[in-house]
file target_25.cif (mmCIF, C-alpha atoms)
data_data
loop_
_atom_site.label_atom_id
_atom_site.label_comp_id
_atom_site.auth_asym_id
_atom_site.auth_seq_id
_atom_site.Cartn_x
_atom_site.Cartn_y
_atom_site.Cartn_z
CA MET R 1 0.00 0.00 0.00
CA ALA R 2 1.68 3.21 -1.15
CA SER R 3 -0.30 5.38 1.25
CA SER R 4 0.97 3.52 4.30
CA ASP R 5 4.37 5.12 3.86
CA GLN R 6 2.93 8.45 4.91
CA LEU R 7 1.43 7.02 8.08
CA LYS R 8 3.22 7.40 11.37
CA GLN R 9 5.30 4.47 12.57
CA HIS R 10 4.27 3.16 15.99
CA THR R 11 6.42 1.08 18.33
CA ILE R 12 4.24 -0.85 20.75
CA SER R 13 5.59 -2.77 23.73
CA LEU R 14 3.42 -5.53 25.20
CA SER R 15 3.75 -7.78 28.24
CA VAL R 16 1.62 -10.90 27.85
CA GLU R 17 1.05 -14.19 29.59
CA ASN R 18 2.88 -16.90 27.75
CA HIS R 19 -0.08 -19.04 26.60
CA PHE R 20 -0.32 -20.78 23.26
CA GLY R 21 -2.61 -18.87 20.96
CA THR R 22 -1.67 -15.48 22.45
CA LEU R 23 0.41 -14.48 19.44
CA ASN R 24 -2.41 -15.62 17.18
CA ARG R 25 -4.96 -13.43 18.97
CA ILE R 26 -2.66 -10.40 18.90
CA ALA R 27 -1.71 -10.77 15.24
CA GLY R 28 -5.43 -11.22 14.53
CA LEU R 29 -6.28 -7.76 15.93
CA PHE R 30 -3.89 -6.13 13.45
CA ALA R 31 -5.05 -8.30 10.55
CA ALA R 32 -8.70 -7.43 11.30
CA LYS R 33 -7.89 -3.73 10.77
CA GLY R 34 -5.92 -4.52 7.62
CA TYR R 35 -2.72 -3.34 9.31
CA ASN R 36 0.58 -4.80 8.37
CA ILE R 37 3.12 -5.51 11.10
CA ASP R 38 6.51 -4.12 9.99
CA SER R 39 8.31 -6.13 12.62
CA LEU R 40 7.46 -8.23 15.61
CA THR R 41 9.63 -9.83 18.24
CA VAL R 42 8.55 -12.10 21.08
CA GLY R 43 10.92 -13.19 23.80
CA GLU R 44 10.82 -14.46 27.36
CA THR R 45 11.23 -12.06 30.24
CA GLU R 46 12.87 -12.60 33.65
CA ASP R 47 9.61 -14.42 34.53
CA ALA R 48 9.27 -17.42 32.17
CA ALA R 49 5.46 -17.22 32.36
CA ILE R 50 5.50 -13.74 30.80
CA SER R 51 6.59 -12.81 27.27
CA ARG R 52 7.41 -9.38 26.00
CA MET R 53 6.57 -8.35 22.46
CA THR R 54 7.66 -5.35 20.48
CA ILE R 55 5.43 -4.60 17.50
CA VAL R 56 6.26 -1.98 14.87
CA THR R 57 3.35 -0.93 12.66
CA ARG R 58 2.21 2.07 10.63
CA GLY R 59 -1.22 3.55 10.87
CA ASP R 60 -3.69 6.25 11.58
CA ASP R 61 -3.45 7.45 15.21
CA GLN R 62 -7.13 6.85 15.84
CA ILE R 63 -7.09 3.26 14.61
CA ILE R 64 -3.88 2.52 16.53
CA GLU R 65 -5.71 3.85 19.61
CA GLN R 66 -8.51 1.32 18.94
CA ILE R 67 -6.00 -1.51 18.55
CA LEU R 68 -4.32 -0.52 21.84
CA LYS R 69 -7.69 -0.63 23.60
CA GLN R 70 -8.45 -4.05 22.16
CA LEU R 71 -4.99 -5.31 23.12
CA ASN R 72 -5.68 -4.12 26.67
CA LYS R 73 -8.88 -6.15 26.74
CA LEU R 74 -7.24 -9.48 25.83
CA ILE R 75 -7.05 -11.76 28.86
CA ASP R 76 -3.41 -12.59 28.10
CA THR R 77 -2.36 -8.94 28.19
CA ILE R 78 -0.57 -7.63 31.25
CA LYS R 79 0.60 -4.25 29.98
CA VAL R 80 0.52 -2.31 26.70
CA VAL R 81 2.66 0.77 26.05
CA ASP R 82 2.83 2.81 22.85
CA LEU R 83 6.42 4.10 23.01
CA THR R 84 5.99 6.24 19.90
CA ASP R 85 5.83 9.61 21.63
CA GLU R 86 8.25 8.73 24.41
CA ALA R 87 12.04 8.70 24.42
CA PHE R 88 13.17 5.12 23.90
CA VAL R 89 16.25 3.09 23.03
CA ASP R 90 15.70 0.75 20.08
CA ARG R 91 17.97 -1.90 18.70
CA GLU R 92 17.85 -4.73 16.24
CA LEU R 93 20.18 -7.50 15.15
CA ALA R 94 20.78 -8.83 11.65
CA LEU R 95 22.70 -11.81 10.31
CA VAL R 96 23.82 -11.08 6.74
CA LYS R 97 25.33 -13.77 4.51
CA VAL R 98 27.32 -12.02 1.77
CA GLN R 99 28.88 -13.57 -1.32
CA CYS R 100 32.63 -13.12 -1.54
CA THR R 101 35.66 -14.06 -3.59
CA PRO R 102 39.27 -14.08 -2.38
CA LEU R 103 39.45 -10.55 -3.83
CA THR R 104 36.37 -9.05 -2.19
CA ARG R 105 36.72 -10.77 1.19
CA MET R 106 39.17 -8.19 2.52
CA GLU R 107 36.97 -5.33 1.36
CA ILE R 108 33.91 -6.79 3.08
CA MET R 109 35.91 -7.31 6.27
CA GLN R 110 36.98 -3.67 6.19
CA ILE R 111 33.36 -2.52 5.91
CA SER R 112 32.52 -4.86 8.77
CA GLU R 113 35.25 -3.27 10.89
CA ILE R 114 34.15 0.30 10.17
CA PHE R 115 30.64 -0.52 11.38
CA ARG R 116 32.02 -2.58 14.29
CA THR R 117 30.12 -5.67 13.20
CA LYS R 118 31.33 -9.24 13.76
CA VAL R 119 32.15 -11.95 11.23
CA VAL R 120 30.42 -15.07 12.56
CA ASP R 121 30.95 -17.57 9.70
CA VAL R 122 33.36 -17.82 6.78
CA SER R 123 33.51 -20.12 3.79
CA ALA R 124 35.26 -20.01 0.41
CA LYS R 125 32.33 -18.16 -1.15
CA THR R 126 30.56 -16.39 1.73
CA LEU R 127 31.00 -14.29 4.85
CA THR R 128 28.26 -14.08 7.48
CA ILE R 129 28.17 -10.85 9.46
CA GLU R 130 26.36 -10.01 12.71
CA ALA R 131 25.23 -6.38 12.81
CA THR R 132 23.46 -4.58 15.66
CA GLY R 133 22.19 -1.06 16.11
CA SER R 134 19.22 1.14 15.40
CA GLN R 135 17.12 0.29 12.34
CA LEU R 136 18.89 3.11 10.45
CA LYS R 137 22.33 1.73 11.24
CA VAL R 138 21.37 -1.82 10.27
CA ASP R 139 19.86 -0.46 7.01
CA ALA R 140 23.12 1.40 6.30
CA ILE R 141 25.23 -1.73 6.82
CA ILE R 142 22.95 -3.79 4.56
CA ASN R 143 23.15 -1.11 1.85
CA MET R 144 26.95 -1.16 1.99
CA LEU R 145 26.96 -4.95 1.59
CA LYS R 146 24.34 -5.14 -1.19
CA PRO R 147 26.76 -4.60 -4.12
CA PHE R 148 28.65 -7.79 -3.15
CA GLY R 149 25.48 -9.87 -3.32
CA ILE R 150 23.42 -10.74 -0.25
CA LYS R 151 22.72 -14.47 -0.17
CA GLU R 152 20.61 -14.51 2.97
CA LEU R 153 19.41 -11.95 5.49
CA ALA R 154 17.72 -12.54 8.84
CA ARG R 155 16.71 -9.47 10.90
CA THR R 156 15.23 -9.71 14.38
CA GLY R 157 13.08 -6.62 14.06
CA ARG R 158 13.08 -3.93 16.71
CA VAL R 159 13.19 -4.25 20.47
CA ALA R 160 12.65 -1.05 22.41
CA ILE R 161 12.82 0.09 26.01
CA LYS R 162 11.83 3.45 27.48
CA ARG R 163 14.69 5.81 28.29
CA GLU R 164 14.97 6.71 31.99
CA PHE R 165 17.37 9.56 31.46
CA GLN R 166 14.71 12.24 30.97
CA SER R 167 12.03 10.81 33.21
CA GLU R 168 13.75 11.04 36.58
CA SER R 169 14.14 14.09 38.77
CA GLN R 170 17.63 13.75 40.11
CA MET O 1 3.56 -27.82 30.48
CA ALA O 2 6.26 -29.78 32.29
CA SER O 3 6.50 -32.42 29.56
CA SER O 4 7.36 -29.87 26.86
CA ASP O 5 10.81 -29.42 28.41
CA GLN O 6 11.74 -32.91 27.24
CA LEU O 7 10.67 -32.20 23.67
CA LYS O 8 13.26 -31.24 21.10
CA GLN O 9 13.66 -27.56 20.33
CA HIS O 10 13.16 -26.72 16.65
CA THR O 11 14.44 -23.61 14.88
CA ILE O 12 12.40 -22.95 11.76
CA SER O 13 13.31 -20.34 9.17
CA LEU O 14 10.56 -19.05 6.87
CA SER O 15 10.51 -16.72 3.89
CA VAL O 16 7.04 -15.27 3.35
CA GLU O 17 5.35 -12.67 1.23
CA ASN O 18 4.78 -9.58 3.30
CA HIS O 19 0.94 -9.48 3.32
CA PHE O 20 -1.19 -8.46 6.24
CA GLY O 21 -2.65 -11.50 7.92
CA THR O 22 0.36 -13.71 7.09
CA LEU O 23 1.64 -13.71 10.65
CA ASN O 24 -1.86 -14.46 11.86
CA ARG O 25 -2.16 -17.50 9.58
CA ILE O 26 1.25 -18.82 10.60
CA ALA O 27 0.71 -18.33 14.34
CA GLY O 28 -2.67 -20.03 13.86
CA LEU O 29 -1.05 -23.24 12.59
CA PHE O 30 0.97 -23.56 15.79
CA ALA O 31 -1.98 -22.63 18.02
CA ALA O 32 -4.17 -25.25 16.29
CA LYS O 33 -1.69 -27.96 17.37
CA GLY O 34 -1.51 -26.53 20.89
CA TYR O 35 2.15 -25.65 20.33
CA ASN O 36 3.70 -22.72 22.10
CA ILE O 37 6.13 -20.53 20.19
CA ASP O 38 9.21 -19.96 22.39
CA SER O 39 10.33 -17.06 20.26
CA LEU O 40 9.42 -15.49 16.95
CA THR O 41 11.07 -12.74 14.95
CA VAL O 42 9.84 -11.17 11.73
CA GLY O 43 11.94 -8.75 9.76
CA GLU O 44 12.23 -7.39 6.26
CA THR O 45 14.70 -8.93 3.84
CA GLU O 46 16.71 -7.29 1.05
CA ASP O 47 13.43 -7.44 -0.91
CA ALA O 48 10.85 -5.31 0.96
CA ALA O 49 8.01 -7.51 -0.35
CA ILE O 50 9.45 -10.54 1.45
CA SER O 51 9.75 -11.06 5.20
CA ARG O 52 11.86 -13.62 6.96
CA MET O 53 10.70 -15.25 10.17
CA THR O 54 12.59 -17.37 12.64
CA ILE O 55 10.36 -19.46 14.87
CA VAL O 56 11.63 -21.45 17.85
CA THR O 57 9.26 -24.09 19.17
CA ARG O 58 9.38 -27.40 21.04
CA GLY O 59 7.52 -30.46 19.92
CA ASP O 60 7.23 -33.99 18.76
CA ASP O 61 9.16 -34.54 15.48
CA GLN O 62 6.12 -35.96 13.71
CA ILE O 63 3.86 -33.03 14.58
CA ILE O 64 6.57 -30.51 13.65
CA GLU O 65 6.75 -32.33 10.30
CA GLN O 66 2.98 -31.79 9.87
CA ILE O 67 3.32 -28.10 10.75
CA LEU O 68 6.16 -27.73 8.20
CA LYS O 69 3.95 -29.29 5.52
CA GLN O 70 1.08 -26.95 6.36
CA LEU O 71 3.43 -23.96 6.36
CA ASN O 72 4.58 -25.01 2.88
CA LYS O 73 0.96 -25.02 1.69
CA LEU O 74 0.21 -21.43 2.74
CA ILE O 75 0.03 -19.13 -0.28
CA ASP O 76 2.24 -16.55 1.47
CA THR O 77 5.06 -19.04 2.02
CA ILE O 78 8.08 -18.90 -0.26
CA LYS O 79 10.44 -21.23 1.62
CA VAL O 80 10.46 -23.18 4.87
CA VAL O 81 13.60 -24.68 6.39
CA ASP O 82 13.89 -26.57 9.67
CA LEU O 83 17.45 -25.72 10.71
CA THR O 84 17.34 -28.02 13.73
CA ASP O 85 19.56 -30.79 12.34
CA GLU O 86 21.81 -28.48 10.33
CA ALA O 87 24.80 -26.43 11.45
CA PHE O 88 23.59 -22.87 11.97
CA VAL O 89 24.67 -19.59 13.54
CA ASP O 90 22.10 -18.20 15.96
CA ARG O 91 22.05 -14.88 17.73
CA GLU O 92 19.70 -12.79 19.76
CA LEU O 93 19.72 -9.32 21.25
CA ALA O 94 18.42 -8.18 24.62
CA LEU O 95 17.92 -4.79 26.21
CA VAL O 96 18.13 -5.12 30.00
CA LYS O 97 17.22 -2.25 32.33
CA VAL O 98 18.89 -2.88 35.69
CA GLN O 99 18.38 -1.02 38.94
CA CYS O 100 21.50 0.59 40.31
CA THR O 101 22.79 2.83 43.08
CA PRO O 102 25.98 4.91 43.02
CA LEU O 103 27.61 1.91 44.76
CA THR O 104 26.47 -0.88 42.41
CA ARG O 105 26.82 1.07 39.15
CA MET O 106 30.54 0.34 38.86
CA GLU O 107 29.98 -3.36 39.56
CA ILE O 108 27.30 -3.62 36.87
CA MET O 109 29.55 -1.81 34.40
CA GLN O 110 32.33 -4.31 35.12
CA ILE O 111 30.00 -7.24 34.41
CA SER O 112 28.95 -5.46 31.22
CA GLU O 113 32.59 -5.14 30.18
CA ILE O 114 33.43 -8.79 30.87
CA PHE O 115 30.58 -9.88 28.59
CA ARG O 116 31.42 -7.16 26.04
CA THR O 117 27.93 -5.68 26.23
CA LYS O 118 27.15 -1.98 25.74
CA VAL O 119 25.58 0.51 28.15
CA VAL O 120 22.93 2.32 26.08
CA ASP O 121 21.16 4.43 28.72
CA VAL O 122 22.06 5.67 32.21
CA SER O 123 20.03 7.43 34.89
CA ALA O 124 20.46 7.96 38.63
CA LYS O 125 18.68 4.71 39.41
CA THR O 126 19.09 2.53 36.30
CA LEU O 127 21.50 1.27 33.66
CA THR O 128 20.24 -0.15 30.34
CA ILE O 129 22.48 -2.73 28.74
CA GLU O 130 22.49 -4.11 25.18
CA ALA O 131 23.59 -7.75 25.08
CA THR O 132 24.01 -9.94 22.01
CA GLY O 133 25.04 -13.55 21.53
CA SER O 134 23.68 -17.06 21.49
CA GLN O 135 20.66 -17.74 23.69
CA LEU O 136 22.99 -19.32 26.28
CA LYS O 137 25.21 -16.25 26.45
CA VAL O 138 22.25 -13.86 26.76
CA ASP O 139 20.81 -16.12 29.51
CA ALA O 140 24.17 -15.99 31.34
CA ILE O 141 24.30 -12.17 31.19
CA ILE O 142 20.73 -11.88 32.47
CA ASN O 143 21.52 -14.27 35.35
CA MET O 144 24.53 -12.17 36.34
CA LEU O 145 22.38 -9.02 36.39
CA LYS O 146 19.37 -10.51 38.23
CA PRO O 147 20.70 -9.93 41.78
CA PHE O 148 20.77 -6.15 41.14
CA GLY O 149 17.09 -6.13 40.17
CA ILE O 150 15.91 -6.22 36.57
CA LYS O 151 13.37 -3.48 35.95
CA GLU O 152 12.63 -4.29 32.31
CA LEU O 153 13.80 -6.86 29.79
CA ALA O 154 13.16 -6.98 26.04
CA ARG O 155 14.63 -9.90 24.07
CA THR O 156 14.39 -10.18 20.31
CA GLY O 157 14.25 -13.96 20.23
CA ARG O 158 16.51 -15.98 17.95
CA VAL O 159 17.54 -15.31 14.38
CA ALA O 160 19.42 -18.11 12.67
CA ILE O 161 21.25 -18.65 9.41
CA LYS O 162 22.72 -21.87 8.03
CA ARG O 163 26.48 -22.23 8.31
CA GLU O 164 28.28 -22.49 4.96
CA PHE O 165 31.55 -23.67 6.44
CA GLN O 166 30.73 -27.38 6.33
CA SER O 167 28.52 -27.42 3.28
CA GLU O 168 30.97 -26.39 0.58
CA SER O 169 33.54 -28.53 -1.16
CA GLN O 170 36.54 -26.28 -1.43
#
call {"tool": "encode", "arguments": {"input": "target_25.cif", "output": "structure tokens"}}
result
Amino acid sequence: MASSDQLKQHTISLSVENHFGTLNRIAGLFAAKGYNIDSLTVGETEDAAISRMTIVTRGDDQIIEQILKQLNKLIDTIKVVDLTDEAFVDRELALVKVQCTPLTRMEIMQISEIFRTKVVDVSAKTLTIEATGSQLKVDAIINMLKPFGIKELARTGRVAIKREFQSESQ
Amino acid sequence: MASSDQLKQHTISLSVENHFGTLNRIAGLFAAKGYNIDSLTVGETEDAAISRMTIVTRGDDQIIEQILKQLNKLIDTIKVVDLTDEAFVDRELALVKVQCTPLTRMEIMQISEIFRTKVVDVSAKTLTIEATGSQLKVDAIINMLKPFGIKELARTGRVAIKREFQSESQ
């Protein structure tokens, strides 16, 4: 949808009880509104019974508001926060498998060093690089590697956590 | 479910067309079998029309086989690979917000240094740390930080990519 590019990106953080079917119900709320999920991560928290999700989506503020209300009503939901208008730290991780030859390997390793990424696998014809940072940084690294030929790419999508720096009176 | 701990962990990599509702349909297949998803990541690939998912689940080999077949039948699915019995590189990223005092801050920063993690946010009462590595490494870091009091934890879940090292004749 071309129009979705003009819509505001929302980063939603969710704490949910770790039941089977929870993810299905949550993804269903977005699908019912015709909203695409740009990225979604689900991981365990310090309490194994509770998962934390970070969902990145684009949409009209009013409809996002409706989705947040519906998320709040799900029995599995413990807490929903729309981080969009708050100060937050966001990071993602990507594994990028790049084609290489004996000639280009050194060049790729130099790019990797400049961006402080790690080489995690090497073969005669490929290098696999682990990159972390904001979405913008990960995009920049991928763009630098594209000309060599990307064989495989796996991105985690965004995790985000509210900044404390501004919210405390010290 | 206590019995699920004895079941083999499967790491499934999926390439799918980036339609809305895709995630919903995929999560639905697991929910229909009563299978919990330990972690799930969805991110864009080098082609914005295609997303790549990594799903970690535990289950009986035969039922996982059925789920793989059903995943293959979905119209959105481009490729499904069960990496479980292959050599693969896996990584995840976690943001950990830890409580601190002027006295414990130095100690937490030392732990962070030993594990080569990064401090991404600081306030009078908290430190936020970015940790990356295998699931085991991220678990170890979180365990070291637990005694200080974890205020918030956001994990991406696993991304995985097949190793090339063993699969090429050189």
call {"tool": "interface_residues", "arguments": {"input": "target_25.cif", "of": "chain O", "to": "chain R", "cutoff": "6 Å", "atoms": "only C-alpha atoms", "output": "ChimeraX atom specification"}}
result
/O:20-21,24,27-28,31,36,39-43,45,123,153,155-157,164-165
call {"tool": "calpha_fit_and_write", "arguments": {"input": "target_25.cif", "fixed": "chain R", "moving": "chain O", "output": "tab-separated table (two decimals) with C-alpha atoms, in the frame of the given file"}}
result
chain	number	residue	atom	x	y	z
O	1	MET	CA	0.23	0.13	-0.11
O	2	ALA	CA	1.84	3.39	-1.20
O	3	SER	CA	-0.20	5.48	1.22
O	4	SER	CA	1.04	3.57	4.28
O	5	ASP	CA	4.47	5.19	3.87
O	6	GLN	CA	2.97	8.51	4.94
O	7	LEU	CA	1.45	7.02	8.08
O	8	LYS	CA	3.24	7.39	11.38
O	9	GLN	CA	5.31	4.45	12.57
O	10	HIS	CA	4.27	3.15	15.99
O	11	THR	CA	6.42	1.08	18.34
O	12	ILE	CA	4.24	-0.85	20.76
O	13	SER	CA	5.59	-2.78	23.72
O	14	LEU	CA	3.43	-5.54	25.21
O	15	SER	CA	3.76	-7.78	28.24
O	16	VAL	CA	1.64	-10.92	27.85
O	17	GLU	CA	1.08	-14.19	29.60
O	18	ASN	CA	2.91	-16.91	27.74
O	19	HIS	CA	-0.06	-19.06	26.59
O	20	PHE	CA	-0.31	-20.80	23.27
O	21	GLY	CA	-2.60	-18.89	20.97
O	22	THR	CA	-1.67	-15.49	22.45
O	23	LEU	CA	0.40	-14.49	19.45
O	24	ASN	CA	-2.40	-15.64	17.19
O	25	ARG	CA	-4.95	-13.45	18.99
O	26	ILE	CA	-2.67	-10.42	18.92
O	27	ALA	CA	-1.72	-10.79	15.24
O	28	GLY	CA	-5.44	-11.23	14.54
O	29	LEU	CA	-6.27	-7.78	15.94
O	30	PHE	CA	-3.89	-6.14	13.47
O	31	ALA	CA	-5.05	-8.31	10.56
O	32	ALA	CA	-8.71	-7.45	11.31
O	33	LYS	CA	-7.89	-3.75	10.78
O	34	GLY	CA	-5.93	-4.53	7.61
O	35	TYR	CA	-2.74	-3.35	9.32
O	36	ASN	CA	0.59	-4.81	8.36
O	37	ILE	CA	3.12	-5.51	11.10
O	38	ASP	CA	6.51	-4.13	9.98
O	39	SER	CA	8.31	-6.14	12.60
O	40	LEU	CA	7.46	-8.24	15.61
O	41	THR	CA	9.64	-9.84	18.25
O	42	VAL	CA	8.56	-12.10	21.09
O	43	GLY	CA	10.93	-13.17	23.81
O	44	GLU	CA	10.84	-14.46	27.34
O	45	THR	CA	11.24	-12.06	30.24
O	46	GLU	CA	12.88	-12.60	33.64
O	47	ASP	CA	9.63	-14.41	34.51
O	48	ALA	CA	9.30	-17.42	32.16
O	49	ALA	CA	5.48	-17.22	32.36
O	50	ILE	CA	5.52	-13.75	30.80
O	51	SER	CA	6.60	-12.82	27.28
O	52	ARG	CA	7.41	-9.38	26.00
O	53	MET	CA	6.57	-8.36	22.46
O	54	THR	CA	7.66	-5.34	20.48
O	55	ILE	CA	5.44	-4.60	17.51
O	56	VAL	CA	6.26	-1.98	14.87
O	57	THR	CA	3.36	-0.93	12.68
O	58	ARG	CA	2.23	2.07	10.63
O	59	GLY	CA	-1.22	3.54	10.87
O	60	ASP	CA	-3.69	6.23	11.56
O	61	ASP	CA	-3.44	7.44	15.20
O	62	GLN	CA	-7.13	6.84	15.85
O	63	ILE	CA	-7.08	3.24	14.62
O	64	ILE	CA	-3.86	2.51	16.54
O	65	GLU	CA	-5.70	3.84	19.61
O	66	GLN	CA	-8.51	1.31	18.95
O	67	ILE	CA	-5.99	-1.52	18.55
O	68	LEU	CA	-4.31	-0.52	21.85
O	69	LYS	CA	-7.69	-0.64	23.60
O	70	GLN	CA	-8.45	-4.08	22.16
O	71	LEU	CA	-4.98	-5.32	23.13
O	72	ASN	CA	-5.68	-4.12	26.68
O	73	LYS	CA	-8.89	-6.17	26.73
O	74	LEU	CA	-7.24	-9.49	25.84
O	75	ILE	CA	-7.04	-11.78	28.86
O	76	ASP	CA	-3.39	-12.60	28.09
O	77	THR	CA	-2.34	-8.94	28.18
O	78	ILE	CA	-0.57	-7.64	31.26
O	79	LYS	CA	0.60	-4.25	29.97
O	80	VAL	CA	0.53	-2.31	26.71
O	81	VAL	CA	2.65	0.77	26.06
O	82	ASP	CA	2.84	2.80	22.86
O	83	LEU	CA	6.42	4.10	23.00
O	84	THR	CA	5.99	6.23	19.89
O	85	ASP	CA	5.83	9.63	21.62
O	86	GLU	CA	8.25	8.73	24.41
O	87	ALA	CA	12.05	8.72	24.42
O	88	PHE	CA	13.17	5.13	23.89
O	89	VAL	CA	16.25	3.10	23.02
O	90	ASP	CA	15.70	0.77	20.08
O	91	ARG	CA	17.97	-1.88	18.69
O	92	GLU	CA	17.85	-4.72	16.25
O	93	LEU	CA	20.18	-7.48	15.15
O	94	ALA	CA	20.77	-8.84	11.67
O	95	LEU	CA	22.68	-11.81	10.31
O	96	VAL	CA	23.80	-11.08	6.74
O	97	LYS	CA	25.32	-13.77	4.52
O	98	VAL	CA	27.30	-12.04	1.77
O	99	GLN	CA	28.87	-13.59	-1.31
O	100	CYS	CA	32.60	-13.13	-1.53
O	101	THR	CA	35.65	-14.07	-3.58
O	102	PRO	CA	39.27	-14.10	-2.38
O	103	LEU	CA	39.45	-10.55	-3.83
O	104	THR	CA	36.35	-9.04	-2.18
O	105	ARG	CA	36.71	-10.77	1.20
O	106	MET	CA	39.16	-8.18	2.51
O	107	GLU	CA	36.93	-5.32	1.34
O	108	ILE	CA	33.88	-6.79	3.08
O	109	MET	CA	35.89	-7.31	6.26
O	110	GLN	CA	36.95	-3.65	6.18
O	111	ILE	CA	33.32	-2.52	5.89
O	112	SER	CA	32.50	-4.86	8.77
O	113	GLU	CA	35.24	-3.26	10.87
O	114	ILE	CA	34.14	0.31	10.14
O	115	PHE	CA	30.62	-0.51	11.36
O	116	ARG	CA	31.99	-2.56	14.28
O	117	THR	CA	30.09	-5.67	13.19
O	118	LYS	CA	31.33	-9.23	13.76
O	119	VAL	CA	32.15	-11.95	11.23
O	120	VAL	CA	30.42	-15.08	12.57
O	121	ASP	CA	30.94	-17.56	9.73
O	122	VAL	CA	33.36	-17.81	6.79
O	123	SER	CA	33.51	-20.14	3.80
O	124	ALA	CA	35.25	-20.02	0.42
O	125	LYS	CA	32.33	-18.18	-1.14
O	126	THR	CA	30.55	-16.41	1.74
O	127	LEU	CA	30.98	-14.29	4.85
O	128	THR	CA	28.24	-14.08	7.50
O	129	ILE	CA	28.14	-10.85	9.45
O	130	GLU	CA	26.34	-10.01	12.71
O	131	ALA	CA	25.22	-6.37	12.81
O	132	THR	CA	23.45	-4.58	15.65
O	133	GLY	CA	22.18	-1.05	16.08
O	134	SER	CA	19.20	1.16	15.40
O	135	GLN	CA	17.11	0.29	12.35
O	136	LEU	CA	18.87	3.10	10.44
O	137	LYS	CA	22.32	1.74	11.21
O	138	VAL	CA	21.37	-1.83	10.26
O	139	ASP	CA	19.84	-0.47	7.01
O	140	ALA	CA	23.10	1.40	6.28
O	141	ILE	CA	25.22	-1.74	6.81
O	142	ILE	CA	22.94	-3.80	4.56
O	143	ASN	CA	23.14	-1.11	1.84
O	144	MET	CA	26.93	-1.16	1.98
O	145	LEU	CA	26.95	-4.96	1.58
O	146	LYS	CA	24.32	-5.17	-1.20
O	147	PRO	CA	26.74	-4.62	-4.12
O	148	PHE	CA	28.64	-7.81	-3.15
O	149	GLY	CA	25.46	-9.89	-3.32
O	150	ILE	CA	23.41	-10.77	-0.26
O	151	LYS	CA	22.70	-14.49	-0.18
O	152	GLU	CA	20.60	-14.53	2.99
O	153	LEU	CA	19.38	-11.97	5.50
O	154	ALA	CA	17.70	-12.55	8.86
O	155	ARG	CA	16.70	-9.49	10.90
O	156	THR	CA	15.23	-9.72	14.38
O	157	GLY	CA	13.06	-6.63	14.07
O	158	ARG	CA	13.08	-3.92	16.73
O	159	VAL	CA	13.19	-4.25	20.49
O	160	ALA	CA	12.65	-1.04	22.42
O	161	ILE	CA	12.83	0.11	26.01
O	162	LYS	CA	11.84	3.48	27.47
O	163	ARG	CA	14.70	5.83	28.29
O	164	GLU	CA	14.98	6.72	31.99
O	165	PHE	CA	17.36	9.60	31.44
O	166	GLN	CA	14.68	12.26	30.97
O	167	SER	CA	12.01	10.83	33.21
O	168	GLU	CA	13.69	11.05	36.59
O	169	SER	CA	14.04	14.07	38.82
O	170	GLN	CA	17.54	13.78	40.17
call {"tool": "resolve_selection", "arguments": {"input": "target_25.cif", "expression": "the PyMOL selection byres ((chain O and resi 66-83) around 6)", "output": "PyMOL selection string"}}
result
chain O and resi 11-17+63-65+84-86
call {"tool": "atom_distance", "arguments": {"input": "target_25.cif", "atom1": "CA of Thr104 in chain R", "atom2": "CA of Lys137 in chain R"}}
result
22.2 Å
call {"tool": "atom_distance", "arguments": {"input": "target_25.cif", "atom1": "CA of Phe148 in chain R", "atom2": "CA of Cys100 in chain R"}}
result
6.8 Å
call {"tool": "atom_distance", "arguments": {"input": "target_25.cif", "atom1": "CA of Thr101 in chain O", "atom2": "CA of Glu113 in chain O"}}
result
18.1 Å
call {"tool": "residues_around", "arguments": {"input": "target_25.cif", "residues": "Gln9 in chain O", "least_positions_apart": "5", "cutoff": "9 Å", "atoms": "all atoms listed in the file", "output": "list in words"}}
result
Val56, Thr57, Arg58, Gly59 and Thr84 of chain O
call {"tool": "decode", "arguments": {"input": "target_25.cif", "residues": "range 98-103 of chain R", "atoms": "N, CA, C and O atoms", "output": "PDB file, in the first residue's frame"}}
result
ATOM      1  N   VAL R  98      26.900 -12.753   2.966  1.00  0.00           N
ATOM      2  CA  VAL R  98      27.321 -12.017   1.766  1.00  0.00           C
ATOM      3  C   VAL R  98      28.202 -12.913   0.902  1.00  0.00           C
ATOM      4  O   VAL R  98      29.045 -13.646   1.420  1.00  0.00           O
ATOM      5  N   GLN R  99      28.009 -12.830  -0.414  1.00  0.00           N
ATOM      6  CA  GLN R  99      28.883 -13.572  -1.322  1.00  0.00           C
ATOM      7  C   GLN R  99      30.262 -12.919  -1.360  1.00  0.00           C
ATOM      8  O   GLN R  99      30.355 -11.692  -1.321  1.00  0.00           O
ATOM      9  N   CYS R 100      31.295 -13.722  -1.421  1.00  0.00           N
ATOM     10  CA  CYS R 100      32.625 -13.122  -1.542  1.00  0.00           C
ATOM     11  C   CYS R 100      33.541 -13.990  -2.398  1.00  0.00           C
ATOM     12  O   CYS R 100      33.275 -15.170  -2.641  1.00  0.00           O
ATOM     13  N   THR R 101      34.591 -13.371  -2.877  1.00  0.00           N
ATOM     14  CA  THR R 101      35.657 -14.056  -3.591  1.00  0.00           C
ATOM     15  C   THR R 101      36.936 -13.762  -2.794  1.00  0.00           C
ATOM     16  O   THR R 101      36.927 -12.889  -1.926  1.00  0.00           O
ATOM     17  N   PRO R 102      38.032 -14.432  -3.090  1.00  0.00           N
ATOM     18  CA  PRO R 102      39.269 -14.084  -2.379  1.00  0.00           C
ATOM     19  C   PRO R 102      39.592 -12.591  -2.509  1.00  0.00           C
ATOM     20  O   PRO R 102      40.167 -11.997  -1.611  1.00  0.00           O
ATOM     21  N   LEU R 103      39.175 -11.972  -3.618  1.00  0.00           N
ATOM     22  CA  LEU R 103      39.455 -10.550  -3.834  1.00  0.00           C
ATOM     23  C   LEU R 103      38.567  -9.627  -3.010  1.00  0.00           C
ATOM     24  O   LEU R 103      39.018  -8.598  -2.508  1.00  0.00           O
TER      25      LEU R 103
END
